[in-house]
file my_file-v2.cif (mmCIF, C-alpha atoms)
data_upload
#
loop_
_atom_site.label_atom_id
_atom_site.label_comp_id
_atom_site.auth_asym_id
_atom_site.auth_seq_id
_atom_site.Cartn_x
_atom_site.Cartn_y
_atom_site.Cartn_z
CA MET O 118 -31.41 -3.13 -12.51
CA GLN O 119 -35.15 -2.85 -11.97
CA GLN O 120 -36.20 -0.40 -9.27
CA ASN O 121 -38.18 -3.00 -7.27
CA GLN O 122 -35.30 -5.46 -7.24
CA ARG O 123 -33.12 -5.57 -4.14
CA ARG O 124 -29.40 -5.03 -4.26
CA HIS O 125 -27.05 -7.89 -5.10
CA ARG O 126 -25.35 -8.93 -1.86
CA VAL O 127 -21.61 -9.49 -2.02
CA ILE O 128 -19.92 -10.75 1.14
CA VAL O 129 -16.12 -10.86 1.40
CA ILE O 130 -14.83 -12.97 4.30
CA GLY O 131 -11.31 -12.21 5.46
CA ALA O 132 -9.63 -8.80 5.24
CA GLY O 133 -6.00 -9.60 4.62
CA TYR O 134 -4.20 -8.36 1.52
CA THR O 135 -6.56 -10.24 -0.79
CA GLY O 136 -9.93 -9.74 0.89
CA ALA O 137 -9.42 -6.03 1.49
CA SER O 138 -8.15 -5.55 -2.07
CA ALA O 139 -11.14 -7.39 -3.55
CA ALA O 140 -13.68 -5.44 -1.50
CA GLY O 141 -12.19 -2.09 -2.50
CA ARG O 142 -11.94 -3.03 -6.15
CA LEU O 143 -15.56 -4.18 -6.24
CA ALA O 144 -16.67 -0.92 -4.63
CA ARG O 145 -14.95 0.99 -7.41
CA ARG O 146 -16.38 -1.19 -10.17
CA LEU O 147 -20.04 -1.43 -9.16
CA HIS O 148 -22.83 1.06 -8.49
CA ARG O 149 -23.88 1.36 -4.85
CA GLU O 150 -27.58 1.39 -5.69
CA ASP O 151 -27.25 -2.07 -7.22
CA VAL O 152 -24.77 -3.86 -4.93
CA SER O 153 -24.09 -4.08 -1.21
CA ILE O 154 -20.56 -5.09 -0.23
CA THR O 155 -19.88 -6.41 3.26
CA LEU O 156 -16.36 -7.15 4.47
CA VAL O 157 -16.26 -9.59 7.39
CA ASN O 158 -13.17 -9.66 9.59
CA ASP O 159 -12.52 -10.43 13.24
CA ARG O 160 -10.24 -7.42 13.79
CA PRO O 161 -10.85 -3.73 13.08
CA ASP O 162 -7.55 -2.96 11.40
CA PHE O 163 -5.35 -4.30 8.64
CA ALA O 164 -2.32 -6.39 9.60
CA GLU O 165 0.76 -6.31 7.36
CA ARG O 166 1.44 -10.01 7.41
CA VAL O 167 4.72 -9.63 5.54
CA ARG O 168 6.05 -7.62 8.50
CA MET O 169 5.16 -9.99 11.33
CA HIS O 170 8.84 -10.81 11.93
CA GLN O 171 9.43 -7.09 12.52
CA LEU O 172 6.55 -6.91 14.98
CA ALA O 173 7.95 -9.94 16.79
CA VAL O 174 11.28 -8.24 17.55
CA GLY O 175 9.69 -5.13 19.01
CA GLN O 176 9.18 -2.85 16.03
CA ASP O 177 5.88 -0.98 15.87
CA LEU O 178 3.82 -1.07 12.69
CA LYS O 179 1.64 1.71 11.33
CA ALA O 180 -2.00 1.45 12.36
CA ARG O 181 -4.35 0.94 9.41
CA PRO O 182 -7.97 0.88 10.68
CA PHE O 183 -10.52 -0.40 8.19
CA SER O 184 -12.94 2.35 9.20
CA ARG O 185 -10.54 4.87 7.73
CA MET O 186 -9.50 2.75 4.75
CA PHE O 187 -13.04 2.16 3.53
CA ALA O 188 -14.58 5.48 4.55
CA GLY O 189 -16.78 6.75 1.74
CA THR O 190 -16.36 3.64 -0.43
CA GLY O 191 -19.69 2.00 0.38
CA VAL O 192 -17.97 -1.09 1.84
CA ALA O 193 -19.61 -2.09 5.14
CA LEU O 194 -17.29 -3.64 7.73
CA ARG O 195 -18.66 -6.40 9.94
CA LEU O 196 -16.45 -7.23 12.91
CA ALA O 197 -17.04 -10.93 13.40
CA ARG O 198 -15.36 -14.31 13.28
CA VAL O 199 -16.49 -16.66 10.53
CA THR O 200 -17.52 -20.02 11.99
CA GLY O 201 -19.05 -21.67 8.93
CA VAL O 202 -20.30 -21.33 5.37
CA ASP O 203 -23.39 -23.05 3.97
CA VAL O 204 -23.02 -22.92 0.21
CA ASP O 205 -26.41 -24.51 -0.37
CA ARG O 206 -28.28 -21.95 1.73
CA ARG O 207 -25.84 -19.21 0.69
CA THR O 208 -25.12 -18.11 4.23
CA VAL O 209 -22.06 -17.25 6.29
CA SER O 210 -22.26 -18.00 10.01
CA VAL O 211 -20.47 -15.47 12.20
CA THR O 212 -19.83 -14.71 15.86
CA ASP O 213 -19.66 -11.04 16.79
CA THR O 214 -16.17 -9.90 17.82
CA ASN O 215 -17.39 -7.59 20.58
CA ASP O 216 -20.17 -9.89 21.76
CA PRO O 217 -19.16 -13.57 21.35
CA GLY O 218 -22.63 -14.65 22.41
CA LYS O 219 -24.16 -12.93 19.39
CA ARG O 220 -24.34 -15.26 16.41
CA GLU O 221 -25.87 -14.63 13.02
CA ASP O 222 -26.20 -16.08 9.52
CA LEU O 223 -25.42 -13.55 6.80
CA GLU O 224 -27.05 -14.16 3.42
CA TYR O 225 -25.14 -13.61 0.21
CA ASP O 226 -25.65 -13.72 -3.54
CA THR O 227 -21.92 -13.74 -4.25
CA LEU O 228 -19.30 -14.84 -1.75
CA VAL O 229 -15.60 -13.96 -1.93
CA TYR O 230 -13.74 -16.41 0.30
CA ALA O 231 -10.46 -14.88 1.52
CA LEU O 232 -9.88 -16.45 4.93
CA GLY O 233 -6.27 -17.18 4.05
CA SER O 234 -3.97 -19.42 6.03
CA GLY O 235 -2.23 -19.91 9.37
CA TRP O 236 0.77 -21.85 10.56
CA ASN O 237 1.14 -25.51 9.73
CA THR O 238 2.53 -27.71 12.50
CA HIS O 239 2.56 -30.76 10.18
CA GLY O 240 1.52 -32.77 13.23
CA VAL O 241 5.02 -32.60 14.74
CA PRO O 242 4.70 -33.46 18.45
CA GLY O 243 5.01 -30.53 20.84
CA THR O 244 4.81 -27.84 18.18
CA ALA O 245 1.36 -26.52 19.06
CA GLU O 246 2.21 -26.53 22.78
CA HIS O 247 5.74 -25.12 22.76
CA ALA O 248 6.50 -23.33 19.47
CA HIS O 249 5.68 -19.78 18.40
CA ASP O 250 4.30 -18.70 15.04
CA ILE O 251 4.41 -15.45 13.09
CA ALA O 252 1.64 -16.30 10.65
CA GLY O 253 -0.49 -13.54 12.14
CA ARG O 254 -0.46 -10.67 14.62
CA PRO O 255 -1.54 -12.64 17.75
CA GLY O 256 1.32 -15.09 17.29
CA ALA O 257 3.82 -12.35 16.53
CA LEU O 258 2.83 -10.44 19.66
CA ARG O 259 3.17 -13.55 21.84
CA LEU O 260 6.64 -14.13 20.38
CA ARG O 261 7.48 -10.46 20.93
CA ALA O 262 6.76 -10.78 24.65
CA ARG O 263 8.72 -14.02 24.92
CA LEU O 264 11.78 -12.67 23.11
CA ALA O 265 11.77 -9.56 25.27
CA ALA O 266 11.95 -11.77 28.36
CA LEU O 267 15.00 -13.73 27.17
CA ALA O 268 18.33 -13.17 28.88
CA PRO O 269 21.56 -12.72 26.89
CA GLY O 270 22.97 -15.98 25.61
CA GLU O 271 19.68 -17.86 25.51
CA ALA O 272 18.91 -19.90 22.41
CA VAL O 273 16.31 -19.25 19.72
CA VAL O 274 15.71 -21.84 17.01
CA VAL O 275 13.78 -20.97 13.86
CA VAL O 276 12.38 -24.08 12.18
CA GLY O 277 11.87 -23.78 8.43
CA GLY O 278 14.26 -22.67 5.71
CA GLY O 279 11.79 -20.92 3.42
CA LEU O 280 11.23 -17.21 2.99
CA THR O 281 9.46 -16.76 6.33
CA GLY O 282 12.10 -18.66 8.27
CA VAL O 283 14.99 -16.81 6.66
CA GLU O 284 13.38 -13.44 7.37
CA ALA O 285 12.55 -14.37 10.97
CA ALA O 286 16.04 -15.68 11.77
CA THR O 287 17.86 -12.65 10.37
CA GLU O 288 15.45 -10.17 11.96
CA ILE O 289 15.85 -11.76 15.39
CA ALA O 290 19.62 -12.06 15.10
CA GLU O 291 19.99 -8.43 14.03
CA ALA O 292 17.64 -7.06 16.71
CA ARG O 293 19.05 -9.28 19.48
CA PRO O 294 22.74 -9.95 18.77
CA ASP O 295 23.04 -11.12 22.39
CA LEU O 296 20.96 -14.22 21.66
CA ASP O 297 22.14 -17.53 20.22
CA VAL O 298 20.04 -17.79 17.03
CA ALA O 299 19.91 -20.92 14.88
CA LEU O 300 17.93 -22.06 11.84
CA ALA O 301 16.91 -25.67 11.23
CA ALA O 302 16.09 -26.37 7.58
CA ARG O 303 14.80 -29.56 6.02
CA GLY O 304 16.94 -28.85 2.94
CA GLY O 305 19.97 -26.72 2.24
CA LEU O 306 20.13 -23.04 3.14
CA GLY O 307 18.67 -21.10 0.22
CA ASP O 308 18.60 -24.16 -2.00
CA TRP O 309 15.85 -22.59 -4.10
CA LEU O 310 17.96 -19.53 -4.92
CA SER O 311 20.41 -18.81 -7.71
CA PRO O 312 24.10 -19.34 -6.86
CA LYS O 313 24.51 -15.58 -6.37
CA GLY O 314 21.47 -15.39 -4.12
CA ALA O 315 22.52 -18.41 -2.06
CA ARG O 316 26.03 -17.02 -1.56
CA HIS O 317 24.67 -13.71 -0.34
CA LEU O 318 22.23 -15.39 2.03
CA ARG O 319 25.02 -17.46 3.57
CA LYS O 320 27.20 -14.35 3.88
CA VAL O 321 24.48 -12.50 5.79
CA PHE O 322 23.83 -15.49 8.07
CA ASP O 323 27.53 -15.75 8.84
CA GLY O 324 27.76 -12.02 9.53
CA LEU O 325 24.87 -12.20 11.97
CA GLY O 326 26.28 -15.28 13.69
CA ILE O 327 23.30 -17.51 12.89
CA THR O 328 24.01 -21.22 13.22
CA VAL O 329 22.52 -23.22 10.34
CA HIS O 330 21.43 -26.84 10.65
CA GLU O 331 20.91 -27.95 7.06
CA ASN O 332 19.11 -31.11 5.92
CA THR O 333 17.77 -31.35 9.46
CA PRO O 334 14.10 -32.28 9.80
CA VAL O 335 12.65 -31.50 13.24
CA THR O 336 10.72 -34.40 14.77
CA GLU O 337 9.67 -32.94 18.13
CA VAL O 338 9.50 -29.62 19.96
CA THR O 339 9.84 -29.30 23.74
CA ALA O 340 10.03 -26.36 26.12
CA THR O 341 13.84 -26.55 26.15
CA HIS O 342 14.94 -27.95 22.79
CA VAL O 343 13.96 -29.25 19.38
CA THR O 344 14.66 -32.84 18.45
CA THR O 345 15.93 -33.69 14.98
CA THR O 346 16.74 -36.98 13.32
CA ASP O 347 20.21 -37.04 14.89
CA GLN O 348 20.47 -34.48 17.69
CA ASP O 349 18.75 -32.22 20.24
CA ILE O 350 19.18 -28.49 19.61
CA PRO O 351 18.79 -26.25 22.70
CA ALA O 352 15.92 -23.77 22.35
CA ALA O 353 14.53 -21.46 24.99
CA VAL O 354 12.26 -20.26 22.18
CA THR O 355 11.26 -22.15 19.05
CA VAL O 356 9.80 -20.24 16.10
CA TRP O 357 7.90 -22.52 13.73
CA THR O 358 7.81 -21.32 10.10
CA ALA O 359 7.61 -24.63 8.26
CA GLY O 360 4.78 -23.77 5.88
CA PHE O 361 1.17 -22.64 6.03
CA ALA O 362 -2.19 -24.39 6.33
CA VAL O 363 -5.42 -22.93 4.97
CA HIS O 364 -8.33 -21.95 7.19
CA PRO O 365 -10.42 -25.08 7.90
CA VAL O 366 -13.88 -23.61 7.11
CA ALA O 367 -13.81 -24.43 3.37
CA LYS O 368 -13.03 -28.10 3.97
CA ALA O 369 -16.19 -28.40 6.07
CA THR O 370 -18.43 -27.13 3.25
CA ALA O 371 -19.76 -28.71 0.06
CA LEU O 372 -17.21 -26.72 -1.95
CA GLU O 373 -14.84 -28.81 -4.03
CA THR O 374 -11.45 -28.57 -2.35
CA SER O 375 -7.99 -30.04 -2.76
CA GLY O 376 -6.21 -32.33 -0.33
CA THR O 377 -4.76 -29.20 1.29
CA GLY O 378 -8.22 -27.74 1.87
CA GLN O 379 -7.85 -25.09 -0.81
CA ILE O 380 -10.89 -24.29 -2.94
CA LEU O 381 -10.63 -25.42 -6.55
CA VAL O 382 -11.20 -22.47 -8.89
CA ASP O 383 -11.20 -21.68 -12.59
CA ALA O 384 -9.14 -18.97 -14.30
CA THR O 385 -11.46 -16.26 -12.95
CA MET O 386 -11.12 -17.48 -9.34
CA ARG O 387 -14.65 -18.88 -9.42
CA SER O 388 -15.34 -22.10 -7.55
CA VAL O 389 -15.57 -25.03 -9.97
CA SER O 390 -18.44 -26.51 -7.93
CA HIS O 391 -20.37 -23.41 -6.79
CA PRO O 392 -20.38 -20.53 -9.29
CA ASP O 393 -21.60 -17.98 -6.74
CA VAL O 394 -18.41 -18.46 -4.69
CA TYR O 395 -14.99 -17.01 -5.53
CA ALA O 396 -11.83 -17.96 -3.66
CA ILE O 397 -8.69 -15.84 -3.60
CA GLY O 398 -5.22 -15.80 -2.09
CA ASP O 399 -4.05 -18.74 0.00
CA ALA O 400 -7.59 -20.12 0.15
CA ALA O 401 -7.62 -20.90 -3.58
CA LEU O 402 -5.85 -23.61 -5.54
CA ALA O 403 -5.21 -21.42 -8.57
CA ALA O 404 -3.11 -22.30 -11.58
CA GLY O 405 -0.28 -20.06 -12.72
CA PRO O 406 1.99 -20.35 -15.78
CA GLY O 407 2.28 -23.89 -17.05
CA ASP O 408 -0.70 -24.88 -14.86
CA LYS O 409 1.65 -24.86 -11.86
CA PRO O 410 -0.26 -24.07 -8.65
CA LEU O 411 0.46 -20.62 -7.26
CA ARG O 412 2.29 -20.71 -3.94
CA MET O 413 0.81 -19.13 -0.85
CA SER O 414 2.13 -15.57 -0.94
CA CYS O 415 1.15 -11.94 -1.13
CA ALA O 416 2.81 -11.78 -4.55
CA SER O 417 0.31 -14.18 -6.09
CA GLY O 418 -2.60 -13.49 -3.74
CA VAL O 419 -3.29 -9.88 -4.64
CA PRO O 420 -3.56 -10.54 -8.40
CA THR O 421 -6.09 -13.30 -7.67
CA ALA O 422 -8.13 -10.71 -5.73
CA TRP O 423 -8.04 -8.35 -8.70
CA GLN O 424 -9.07 -11.16 -11.04
CA ALA O 425 -12.00 -12.23 -8.87
CA ALA O 426 -13.27 -8.67 -8.36
CA ASP O 427 -13.06 -7.88 -12.06
CA ALA O 428 -14.78 -11.15 -13.00
CA ILE O 429 -17.63 -10.57 -10.54
CA ALA O 430 -18.12 -7.01 -11.77
CA ALA O 431 -18.03 -8.10 -15.41
CA ARG O 432 -20.55 -10.88 -14.93
CA LEU O 433 -22.95 -8.63 -13.05
CA THR O 434 -22.68 -5.77 -15.53
CA GLY O 435 -22.65 -7.85 -18.70
CA THR O 436 -19.19 -6.76 -19.81
CA LYS O 437 -16.14 -8.68 -20.95
CA ILE O 438 -14.17 -10.43 -18.22
CA PRO O 439 -10.57 -9.12 -18.18
CA SER O 440 -7.62 -11.42 -17.61
CA ILE O 441 -5.17 -10.45 -14.87
CA PRO O 442 -1.67 -11.98 -15.31
CA LEU O 443 -1.05 -14.53 -12.55
CA ARG O 444 2.71 -14.85 -12.64
CA TYR O 445 5.87 -14.13 -10.67
CA PHE O 446 8.65 -11.63 -11.25
CA ASN O 447 10.86 -11.87 -8.17
CA GLN O 448 11.10 -13.07 -4.61
CA CYS O 449 11.70 -10.20 -2.17
CA VAL O 450 13.49 -11.22 1.03
CA SER O 451 14.35 -8.94 3.93
CA LEU O 452 17.43 -9.99 5.88
CA GLY O 453 17.07 -7.64 8.81
CA ARG O 454 16.73 -3.89 8.32
CA ARG O 455 20.05 -3.33 6.53
CA GLU O 456 20.30 -6.29 4.17
CA GLY O 457 18.04 -7.83 1.58
CA LEU O 458 17.82 -10.17 -1.37
CA ILE O 459 15.75 -9.80 -4.51
CA GLN O 460 15.83 -13.07 -6.41
CA TYR O 461 14.53 -12.69 -9.93
CA VAL O 462 12.46 -15.62 -11.15
CA THR O 463 10.66 -16.98 -14.19
CA ALA O 464 6.91 -16.58 -14.59
CA ASP O 465 6.43 -19.93 -12.82
CA ASP O 466 8.69 -18.96 -9.91
CA ARG O 467 11.99 -20.64 -10.81
CA SER O 468 15.12 -18.71 -9.89
CA VAL O 469 17.27 -17.23 -12.64
CA SER O 470 20.87 -16.13 -12.32
CA ALA O 471 20.10 -12.45 -11.69
CA ALA O 472 19.71 -11.24 -8.11
CA LEU O 473 19.90 -7.90 -6.31
CA THR O 474 21.65 -7.96 -2.93
CA GLY O 475 22.73 -5.76 -0.05
CA ARG O 476 21.37 -2.38 0.93
CA PRO O 477 19.70 -1.72 -2.47
CA ALA O 478 17.78 -4.97 -2.07
CA ALA O 479 16.70 -3.98 1.45
CA LEU O 480 15.38 -0.65 0.13
CA TYR O 481 13.64 -2.44 -2.75
CA LYS O 482 11.92 -4.84 -0.35
CA GLU O 483 10.83 -1.96 1.86
CA LEU O 484 9.27 -0.19 -1.12
CA VAL O 485 7.43 -3.39 -2.07
CA CYS O 486 6.04 -3.77 1.47
CA LYS O 487 4.99 -0.13 1.63
CA GLY O 488 3.44 -0.36 -1.82
CA ALA O 489 1.43 -3.45 -0.92
CA ALA O 490 0.11 -1.87 2.27
CA TRP O 491 -0.65 1.42 0.53
CA GLY O 492 -2.58 -0.43 -2.16
CA VAL O 493 -4.76 -2.08 0.47
CA ALA O 494 -5.16 1.15 2.44
CA ASN O 495 -6.24 3.00 -0.72
CA PRO O 496 -8.40 0.31 -2.33
CA THR O 497 -10.11 2.50 -4.92
CA PHE O 498 -7.17 4.62 -6.04
CA GLY O 499 -6.20 4.51 -9.70
CA LEU O 500 -9.21 2.54 -10.94
CA PRO O 501 -11.74 3.90 -13.43
CA ALA O 502 -14.09 6.28 -11.64
CA ARG O 503 -17.20 5.02 -13.43
CA ARG O 504 -19.26 2.51 -11.48
CA ARG O 505 -21.23 0.29 -13.83
CA ARG O 506 -24.86 -0.64 -13.27
CA VAL O 507 -25.84 -4.24 -12.68
CA VAL O 508 -27.76 -5.67 -15.62
CA GLN O 509 -27.80 -9.38 -14.85
CA GLU O 510 -31.05 -10.73 -13.42
CA PRO O 511 -30.62 -12.99 -10.38
CA THR O 512 -30.94 -16.72 -11.00
CA GLY O 513 -31.63 -19.83 -8.99
CA ALA O 514 -32.09 -19.31 -5.27
CA THR O 515 -31.63 -15.56 -5.61
CA ALA O 516 -34.46 -15.31 -8.16
CA ALA O 517 -36.76 -17.35 -5.96
CA ALA O 518 -36.01 -15.14 -2.97
CA THR O 519 -36.62 -12.01 -5.04
CA ALA O 520 -39.93 -13.35 -6.35
CA ALA O 521 -41.02 -14.19 -2.83
#
call {"tool": "encode", "arguments": {"input": "my_file-v2.cif", "output": "structure tokens"}}
result
Amino acid sequence: MQQNQRRHRVIVIGAGYTGASAAGRLARRLHREDVSITLVNDRPDFAERVRMHQLAVGQDLKARPFSRMFAGTGVALRLARVTGVDVDRRTVSVTDTNDPGKREDLEYDTLVYALGSGWNTHGVPGTAEHAHDIAGRPGALRLRARLAALAPGEAVVVVGGGLTGVEAATEIAEARPDLDVALAARGGLGDWLSPKGARHLRKVFDGLGITVHENTPVTEVTATHVTTTDQDIPAAVTVWTAGFAVHPVAKATALETSGTGQILVDATMRSVSHPDVYAIGDAALAAGPGDKPLRMSCASGVPTAWQAADAIAARLTGTKIPSIPLRYFNQCVSLGRREGLIQYVTADDRSVSAALTGRPAALYKELVCKGAAWGVANPTFGLPARRRRVVQEPTGATAAATAA
């Protein structure tokens, strides 16, 4: 890069598993004299989203402040809430976390969009007013306080029979055996699992005394019960885990998005409409094996972060873009602290007959969670130490700004 040319500005918005991973990987790949990397997040520490059900039942999670994680990496942390993105002006509008009255537009040359997702109420009446979510730390902490206030014998209903719902129901039932815990699932319990996996899941549910309402869509949530197509189920607390919805910022931009609000990307996680924007994790509609869209999960999100970071670095340094495998190997499910289920799957996430169950599966899942958090907390470990110099000249709006 020429000495009189300013540094290429990379802004990463969102510091979950994917955003934090991408920022750290970019810092390891690129030379600090050529690139500035800013990570924008509204909280100062990393939240282990895959452990929110543990937080909700009163367990304490290890503190992982970003200031410690990114110390010495060259990544600058900006504590702010993203309120908008202007992809034509190449700016990110933010509100300062510590001073909500302070607003600013941050200019970028390359944007990594990693705002992720939150809970999805699907428009079911009463859900937003009366149900609890564990899609993030604020929701998990509110549920934690509510569960702690429940008297023995009171009813908790978890709505949603996917991975999050199964983990929440078993965690609550194990931590609070004095409560009446139920799960309401639109389909059958574990109907996506292999026969072995489904049998083990049902065995654990029976052992924990969890009532299962299968093939039971919920049509309304109130302060005292949930209404289904054929009955009212008592619920002093309702936990809503019926899917995720992406952050709404992308849908309000000129970026090409899907009907779900996810950003359409190519194989390198680059926006198909705006080549200076990369989307990763839940925010991206990325294709996996057989062109099947990747599901919203940590398992698929982190590889998309690696792919985006490597593609950005390669394009800026004039090197070959590597290809990170975007595929599945297993589904790791915690069933409380003593039980687990590892369902092995095909590359496109279809269950096979093999499954690991019981205590070994619980230990396996714990290692996976610890490994994922450690990888985020040590973003530059294990990557090549050499930081390449930027050789690509800026183009378009960036070139005009540089010339000015």
call {"tool": "resolve_selection", "arguments": {"input": "my_file-v2.cif", "expression": "the PyMOL selection byres ((chain O and resi 205) around 10)", "output": "ChimeraX atom specification"}}
result
/O:202-204,206-208,370-372,391,514
call {"tool": "atom_distance", "arguments": {"input": "my_file-v2.cif", "atom1": "atom CA of Tyr445 of chain O", "atom2": "atom CA of Arg146 of chain O"}}
result
25.7 Å
call {"tool": "resolve_selection", "arguments": {"input": "my_file-v2.cif", "expression": "the PyMOL selection byres ((chain O and resi 182) around 8)", "output": "VMD selection string"}}
result
chain O and resid 161 to 163 180 to 181 183 to 186
call {"tool": "resolve_selection", "arguments": {"input": "my_file-v2.cif", "expression": "the PyMOL selection byres ((chain O and resi 179) around 12)", "output": "NGL selection string"}}
result
:O and (162-165 or 168 or 171-172 or 176-178 or 180-182 or 487 or 490-491 or 494)
call {"tool": "atom_distance", "arguments": {"input": "my_file-v2.cif", "atom1": "atom CA of Glu271 of chain O", "atom2": "atom CA of Ala252 of chain O"}}
result
23.4 Å
call {"tool": "residues_around", "arguments": {"input": "my_file-v2.cif", "residues": "segment 463-474 of chain O", "least_positions_apart": "6", "cutoff": "9 Å", "atoms": "only C-alpha atoms", "output": "list in words"}}
result
Trp309, Leu310, Ser311, Pro312, Lys313, Gly314, His317, Leu318, Gly405, Pro406, Gly407, Asp408, Lys409, Pro410, Leu411, Arg412, Leu443, Arg444, Tyr445, Phe446, Asn447, Gln448, Glu456 and Gly457 of chain O
call {"tool": "closest_atom_pairs", "arguments": {"input": "my_file-v2.cif", "of": "segment 141-239 of chain O", "to": "segment 417-429 of chain O", "cutoff": "9 Å", "atoms": "only C-alpha atoms", "output": "tab-separated table"}}
result
residue	atom	partner	partner_atom	distance
O:Gly141	CA	O:Ala426	CA	8.9
O:Arg142	CA	O:Ala426	CA	6.2
O:Leu143	CA	O:Ala426	CA	5.5
O:Arg146	CA	O:Asp427	CA	7.7
O:Thr227	CA	O:Ile429	CA	8.2
O:Val229	CA	O:Ala425	CA	8.0
O:Ala231	CA	O:Ala422	CA	8.7
call {"tool": "closest_residue", "arguments": {"input": "my_file-v2.cif", "among": "O:Gly279, O:Asp159, O:Gly326, O:Ala431", "to": "Gly307 of chain O", "atoms": "only C-alpha atoms"}}
result
O:Gly279
call {"tool": "residues_around", "arguments": {"input": "my_file-v2.cif", "residues": "Val152 of chain O", "least_positions_apart": "3", "cutoff": "7 Å", "atoms": "only C-alpha atoms", "output": "list in words"}}
result
Arg124, His125, Arg126, Leu147, His148 and Arg149 of chain O
call {"tool": "build_atoms", "arguments": {"input": "my_file-v2.cif", "residues": "segment 332-346 of chain O", "atoms": "N, CA and C atoms", "output": "compact mmCIF listing (two decimals), in the frame of the given file"}}
result
# COMPACT_ATOMS: atom_id res chain seq x y z
N ASN O 332 19.56 -29.73 6.10
CA ASN O 332 19.11 -31.11 5.92
C ASN O 332 18.79 -31.74 7.28
N THR O 333 18.04 -30.96 8.08
CA THR O 333 17.77 -31.35 9.46
C THR O 333 16.28 -31.26 9.77
N PRO O 334 15.52 -32.29 9.46
CA PRO O 334 14.10 -32.28 9.80
C PRO O 334 13.90 -32.31 11.31
N VAL O 335 12.97 -31.52 11.81
CA VAL O 335 12.65 -31.50 13.24
C VAL O 335 11.52 -32.49 13.50
N THR O 336 11.70 -33.34 14.48
CA THR O 336 10.72 -34.40 14.77
C THR O 336 9.92 -34.16 16.05
N GLU O 337 10.39 -33.24 16.89
CA GLU O 337 9.67 -32.94 18.13
C GLU O 337 10.13 -31.58 18.67
N VAL O 338 9.19 -30.89 19.32
CA VAL O 338 9.50 -29.62 19.96
C VAL O 338 9.16 -29.73 21.44
N THR O 339 10.10 -29.32 22.30
CA THR O 339 9.84 -29.30 23.74
C THR O 339 10.04 -27.87 24.24
N ALA O 340 9.86 -27.69 25.53
CA ALA O 340 10.03 -26.36 26.12
C ALA O 340 11.49 -25.93 26.16
N THR O 341 12.41 -26.86 26.00
CA THR O 341 13.84 -26.55 26.15
C THR O 341 14.68 -26.85 24.92
N HIS O 342 14.14 -27.60 23.97
CA HIS O 342 14.94 -27.95 22.79
C HIS O 342 14.04 -28.46 21.66
N VAL O 343 14.63 -28.57 20.49
CA VAL O 343 13.96 -29.25 19.38
C VAL O 343 14.75 -30.53 19.08
N THR O 344 14.03 -31.56 18.78
CA THR O 344 14.66 -32.84 18.45
C THR O 344 14.67 -33.03 16.95
N THR O 345 15.81 -33.41 16.41
CA THR O 345 15.93 -33.69 14.98
C THR O 345 16.23 -35.17 14.81
N THR O 346 16.48 -35.57 13.59
CA THR O 346 16.74 -36.98 13.32
C THR O 346 18.03 -37.48 13.96
